[in-house]
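Q: Sharing a structure here in structure tokens format.
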Amino acid sequence: MSKGPFVLIKHREISMAVDRIAGEIRRDYRYKNPLLIGILKGSFIFMADLVRRINMPLEVDFIRLSSYGSNMESSGRIKVVSKLSSRINNRHIIIVEDIIDTGLTTKFVMDSLMKRHPASLKLCALTEKPARRKIEVPIDYLGFSVPDKFIVGYGIDWDEKYRYLSDICYIE
């Protein structure tokens with residue numbers, strides 16, 4: 001039986017991090033009309049807030065992957081549940097993730113997109129969990145590094161629960 005959720009990062013801190021990241025992206029992509037690709041389902045709240053705060057011309061698309069199921073650890077097997085509908089070739093792409101954990105899913109997405117010849121490819125993550133990393137991935141825009149705890153809230157779930165929390169919390 002799980003205990004929690006316990007607050008790890010308050011919504012106010014999340015909001016400040018989203019503002020900071022939006023400013024960095026606005027600076028780096030002025031006049032480039034980037035395509036932000038959200039990794040569903042966990043990134044949707046972060047991405048919605050981020051897009052509004054970037055506040056410049058851009059496009060969005062989503063890809064849905066699965067590697068957790070109802071477990072608290074990634075299975076390591078990545079399944080594409082829903083594909084992109086946008087053209088990638090010669091576009092400036094920013095992948096938007098809720099959390100970089102082992103790096104396996106992110107590496108899979110980055111490798112898949114690179115085969116489609118984008119003009120550039122960068123990674124934006126709300127959180128990362130360095131203690132669990134199996135494959136290093138370059139994070140260009142990062143909100144928070146978190147301890148090796150199972151986090152939920154602000155769109156991040158455990159078996160479809162806890163997404164509604166406005167803070168980032170952990171459960172044990």
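The way I read the labels, and the way they are meant: chains A, B, ... in the order of the structure tokens, residue 1 as the first residue of every chain, and ligand 1 as the first ligand shown, with later ones counted on from there.
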Check the DSSP output for the backbone and give back, as number ranges by chain, the residues of chain A in strand (DSSP E or B).

A: A: 6-9, 35-40, 59-66, 79-82, 92-100, 120-128, 141-145, 150-153, 156, 158, 161, 168-171

Q: Identify, on the basis of only C-alpha atoms, every residue whose closest approach to stretch 39-44 of chain A does not exceed 12 Å; exclude the query and any residue fewer than 3 positions from it along the same chain; express the result as a tab-separated table (two decimals) with N, CA and C atoms, in the first residue's frame.

A:
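Result file out_38.tsv:
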chain	number	residue	atom	x	y	z
A	36	LEU	N	6.91	22.01	-30.82
A	36	LEU	CA	7.04	21.37	-29.52
A	36	LEU	C	6.29	20.05	-29.56
A	47	MET	N	3.25	21.21	-20.63
A	47	MET	CA	3.33	21.76	-21.98
A	47	MET	C	2.31	22.86	-22.20
A	48	ALA	N	1.10	22.70	-21.70
A	48	ALA	CA	0.07	23.75	-21.85
A	48	ALA	C	0.52	25.04	-21.19
A	49	ASP	N	1.04	24.95	-19.97
A	49	ASP	CA	1.53	26.15	-19.29
A	49	ASP	C	2.74	26.74	-20.02
A	50	LEU	N	3.63	25.89	-20.48
A	50	LEU	CA	4.83	26.34	-21.17
A	50	LEU	C	4.49	27.07	-22.47
A	51	VAL	N	3.59	26.52	-23.27
A	51	VAL	CA	3.21	27.14	-24.55
A	51	VAL	C	2.62	28.53	-24.32
A	60	VAL	N	2.47	22.73	-32.03
A	60	VAL	CA	2.53	21.63	-31.07
A	60	VAL	C	2.03	20.34	-31.71
A	61	ASP	N	2.58	19.26	-31.22
A	61	ASP	CA	2.13	17.93	-31.61
A	61	ASP	C	2.42	17.03	-30.40
A	62	PHE	N	1.90	15.82	-30.45
A	62	PHE	CA	2.07	14.90	-29.34
A	62	PHE	C	2.38	13.51	-29.85
A	63	ILE	N	3.13	12.79	-29.04
A	63	ILE	CA	3.34	11.37	-29.27
A	63	ILE	C	3.02	10.69	-27.95
A	64	ARG	N	2.39	9.55	-28.03
A	64	ARG	CA	2.05	8.83	-26.81
A	64	ARG	C	2.81	7.52	-26.78
A	65	LEU	N	3.54	7.35	-25.70
A	65	LEU	CA	4.36	6.16	-25.51
A	65	LEU	C	3.96	5.50	-24.21
A	66	SER	N	4.34	4.25	-24.05
A	66	SER	CA	4.08	3.56	-22.80
A	66	SER	C	5.29	2.70	-22.45
A	67	SER	N	5.73	2.80	-21.19
A	67	SER	CA	6.77	1.90	-20.70
A	67	SER	C	6.55	1.53	-19.24
A	68	TYR	N	5.53	2.12	-18.60
A	68	TYR	CA	5.29	1.87	-17.18
A	68	TYR	C	4.11	0.95	-16.93
A	80	VAL	N	4.92	2.56	-28.84
A	80	VAL	CA	4.31	3.77	-29.41
A	80	VAL	C	2.81	3.52	-29.46
A	81	VAL	N	2.07	4.32	-28.71
A	81	VAL	CA	0.62	4.17	-28.63
A	81	VAL	C	-0.05	5.08	-29.66
A	82	SER	N	0.52	6.28	-29.87
A	82	SER	CA	-0.03	7.24	-30.83
A	82	SER	C	1.12	8.01	-31.47
A	83	LYS	N	1.14	8.08	-32.81
A	83	LYS	CA	2.24	8.69	-33.55
A	83	LYS	C	2.01	10.18	-33.79
A	84	LEU	N	3.09	10.86	-34.20
A	84	LEU	CA	3.02	12.27	-34.57
A	84	LEU	C	2.26	12.44	-35.87
A	94	ILE	N	11.45	20.72	-30.34
A	94	ILE	CA	11.71	20.66	-28.90
A	94	ILE	C	10.82	19.56	-28.33
A	95	ILE	N	11.43	18.53	-27.79
A	95	ILE	CA	10.68	17.46	-27.12
A	95	ILE	C	10.37	17.95	-25.71
A	96	VAL	N	9.12	17.81	-25.30
A	96	VAL	CA	8.70	18.24	-23.96
A	96	VAL	C	8.30	17.01	-23.15
A	97	GLU	N	9.06	16.77	-22.08
A	97	GLU	CA	8.87	15.60	-21.21
A	97	GLU	C	8.47	16.04	-19.81
A	98	ASP	N	7.72	15.19	-19.12
A	98	ASP	CA	7.42	15.44	-17.71
A	98	ASP	C	8.59	15.05	-16.83
A	99	ILE	N	9.21	13.90	-17.12
A	99	ILE	CA	10.33	13.43	-16.31
A	99	ILE	C	11.28	12.60	-17.17
A	100	ILE	N	12.56	12.82	-16.95
A	100	ILE	CA	13.59	11.96	-17.53
A	100	ILE	C	14.06	11.08	-16.39
A	105	THR	N	13.26	5.89	-22.64
A	105	THR	CA	12.16	6.39	-23.47
A	105	THR	C	12.59	7.63	-24.24
A	106	THR	N	13.27	8.54	-23.57
A	106	THR	CA	13.70	9.78	-24.21
A	106	THR	C	14.69	9.50	-25.34
A	108	PHE	N	14.90	6.79	-27.07
A	108	PHE	CA	14.10	6.17	-28.13
A	108	PHE	C	13.44	7.24	-28.99
A	109	VAL	N	12.81	8.23	-28.35
A	109	VAL	CA	12.13	9.30	-29.08
A	109	VAL	C	13.14	10.14	-29.86
A	110	MET	N	14.23	10.52	-29.22
A	110	MET	CA	15.24	11.36	-29.89
A	110	MET	C	15.83	10.65	-31.12
A	123	LEU	N	15.79	19.07	-26.02
A	123	LEU	CA	14.98	18.38	-25.03
A	123	LEU	C	14.66	19.32	-23.88
A	124	CYS	N	13.39	19.38	-23.53
A	124	CYS	CA	12.89	20.18	-22.41
A	124	CYS	C	12.20	19.22	-21.44
A	125	ALA	N	12.63	19.25	-20.18
A	125	ALA	CA	12.03	18.36	-19.19
A	125	ALA	C	11.66	19.14	-17.94
A	126	LEU	N	10.48	18.89	-17.43
A	126	LEU	CA	10.08	19.49	-16.17
A	126	LEU	C	10.96	18.97	-15.05
A	127	THR	N	11.19	17.66	-15.03
A	127	THR	CA	12.00	17.04	-13.97
A	127	THR	C	12.94	16.00	-14.56
A	151	ILE	N	7.49	10.22	-8.21
A	151	ILE	CA	6.77	11.50	-8.17
A	151	ILE	C	5.47	11.46	-8.95
A	152	VAL	N	4.55	12.30	-8.50
A	152	VAL	CA	3.23	12.43	-9.12
A	152	VAL	C	2.79	13.88	-9.01
A	153	GLY	N	1.77	14.23	-9.76
A	153	GLY	CA	1.20	15.57	-9.69
A	153	GLY	C	1.65	16.42	-10.86
A	154	TYR	N	0.93	17.51	-11.08
A	154	TYR	CA	1.18	18.43	-12.20
A	154	TYR	C	1.26	17.66	-13.52
A	155	GLY	N	0.34	16.71	-13.68
A	155	GLY	CA	0.24	15.92	-14.90
A	155	GLY	C	0.90	14.56	-14.81
A	156	ILE	N	1.82	14.38	-13.88
A	156	ILE	CA	2.54	13.11	-13.74
A	156	ILE	C	1.68	12.17	-12.90
A	157	ASP	N	1.56	10.94	-13.36
A	157	ASP	CA	0.64	10.02	-12.69
A	157	ASP	C	1.33	8.75	-12.19
A	158	TRP	N	0.55	8.01	-11.45
A	158	TRP	CA	0.86	6.62	-11.16
A	158	TRP	C	-0.42	5.86	-11.44
A	159	ASP	N	-0.40	5.08	-12.53
A	159	ASP	CA	-1.57	4.29	-12.93
A	159	ASP	C	-2.82	5.17	-13.06
A	160	GLU	N	-2.63	6.35	-13.70
A	160	GLU	CA	-3.69	7.33	-13.97
A	160	GLU	C	-4.19	8.07	-12.73
A	161	LYS	N	-3.52	7.94	-11.62
A	161	LYS	CA	-3.92	8.65	-10.40
A	161	LYS	C	-2.97	9.81	-10.14
A	162	TYR	N	-3.44	10.81	-9.45
A	162	TYR	CA	-2.65	11.94	-8.94
A	162	TYR	C	-2.29	13.02	-9.96
A	163	ARG	N	-2.68	12.90	-11.22
A	163	ARG	CA	-2.35	13.93	-12.22
A	163	ARG	C	-2.87	15.31	-11.81
A	164	TYR	N	-3.99	15.34	-11.13
A	164	TYR	CA	-4.71	16.57	-10.79
A	164	TYR	C	-3.98	17.44	-9.75

Q: Closest to A:Cys169 among A:Val7, A:Arg133, A:Ser2, A:Lys122, using only C-alpha atoms?

A: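 Checking each candidate against A:Cys169, we get A:Val7 as the closest.
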
Q: For A:Pro34, please output as a list in words all residues within 9 Å (counting only C-alpha atoms; exclusion window: fewer than 5 positions along the same chain).

A: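 My list of contacting residues is Tyr29, Pro57, Leu58, Glu59, Val60, Arg91, His92, Ile93 and Ile94 of chain A.
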
Q: Next, dump the selected residues to file, keeping only N, CA and C atoms, as a PDB file, in the first residue's frame.

A:
ATOM      1  N   TYR A  29      14.597  30.617 -29.779  1.00  0.00           N
ATOM      2  CA  TYR A  29      13.815  30.272 -30.968  1.00  0.00           C
ATOM      3  C   TYR A  29      13.068  31.451 -31.584  1.00  0.00           C
ATOM      4  N   PRO A  57       4.971  32.608 -31.902  1.00  0.00           N
ATOM      5  CA  PRO A  57       4.541  31.588 -32.862  1.00  0.00           C
ATOM      6  C   PRO A  57       5.303  30.279 -32.686  1.00  0.00           C
ATOM      7  N   LEU A  58       4.545  29.197 -32.580  1.00  0.00           N
ATOM      8  CA  LEU A  58       5.097  27.852 -32.483  1.00  0.00           C
ATOM      9  C   LEU A  58       3.990  26.878 -32.849  1.00  0.00           C
ATOM     10  N   GLU A  59       4.347  25.638 -33.003  1.00  0.00           N
ATOM     11  CA  GLU A  59       3.354  24.597 -33.262  1.00  0.00           C
ATOM     12  C   GLU A  59       3.521  23.509 -32.224  1.00  0.00           C
ATOM     13  N   VAL A  60       2.469  22.729 -32.033  1.00  0.00           N
ATOM     14  CA  VAL A  60       2.527  21.629 -31.066  1.00  0.00           C
ATOM     15  C   VAL A  60       2.033  20.336 -31.707  1.00  0.00           C
ATOM     16  N   ARG A  91      12.634  21.028 -39.502  1.00  0.00           N
ATOM     17  CA  ARG A  91      11.940  21.802 -38.476  1.00  0.00           C
ATOM     18  C   ARG A  91      12.806  21.882 -37.221  1.00  0.00           C
ATOM     19  N   HIS A  92      12.608  22.936 -36.443  1.00  0.00           N
ATOM     20  CA  HIS A  92      13.255  23.068 -35.138  1.00  0.00           C
ATOM     21  C   HIS A  92      12.336  22.399 -34.116  1.00  0.00           C
ATOM     22  N   ILE A  93      12.814  21.306 -33.534  1.00  0.00           N
ATOM     23  CA  ILE A  93      11.990  20.457 -32.678  1.00  0.00           C
ATOM     24  C   ILE A  93      12.435  20.592 -31.222  1.00  0.00           C
ATOM     25  N   ILE A  94      11.454  20.719 -30.337  1.00  0.00           N
ATOM     26  CA  ILE A  94      11.710  20.664 -28.896  1.00  0.00           C
ATOM     27  C   ILE A  94      10.819  19.564 -28.325  1.00  0.00           C
TER      28      ILE A  94
END

Q: Can you tell me how far atom CA of A:Arg53 sits from atom CA of A:Asn89, in Å to one decimal?

A: 26.0 Å

Q: Which of these residues is nearest to A:Leu142, using only C-alpha atoms: A:Leu121, A:Ile37, A:Lys3, A:Ile25?

A: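 Ranked by minimum distance to A:Leu142, first place goes to A:Ile25.
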
Q: So that I can see what lies close to A:Val146, please list as a list in words the residues with an atom at most 8 Å from it, counting only C-alpha atoms and leaving out residues fewer than 5 positions away in the same chain.

A: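 Close residues of A:Val146: Thr127, Glu128, Lys129 and Pro130 of chain A.
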
Q: What lies within 8 Å of A:Arg26 using only C-alpha atoms, ignoring chain neighbours under 6 positions off, as a PDB file with C-alpha atoms, in the first residue's frame?

A:
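Result file follows (selection.pdb):
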ATOM      1  CA  ILE A  54       6.481  31.139 -24.427  1.00  0.00           C
ATOM      2  CA  ASN A  55       3.938  33.435 -26.063  1.00  0.00           C
ATOM      3  CA  MET A  56       5.328  33.442 -29.623  1.00  0.00           C
TER       4      MET A  56
END

Q: Apply DSSP to the backbone of this structure and, from stretch 3-169 of chain A, keep only the residues in helix (DSSP H, G or I); write these as a ChimeraX atom specification.

A: /A:11-29,44-54,104-114,130-132

Q: Which residue, A:Phe46, A:Pro138, A:Pro118, A:Ile171, has the smallest gap to A:Asp19 when you use only C-alpha atoms?

A: A:Phe46
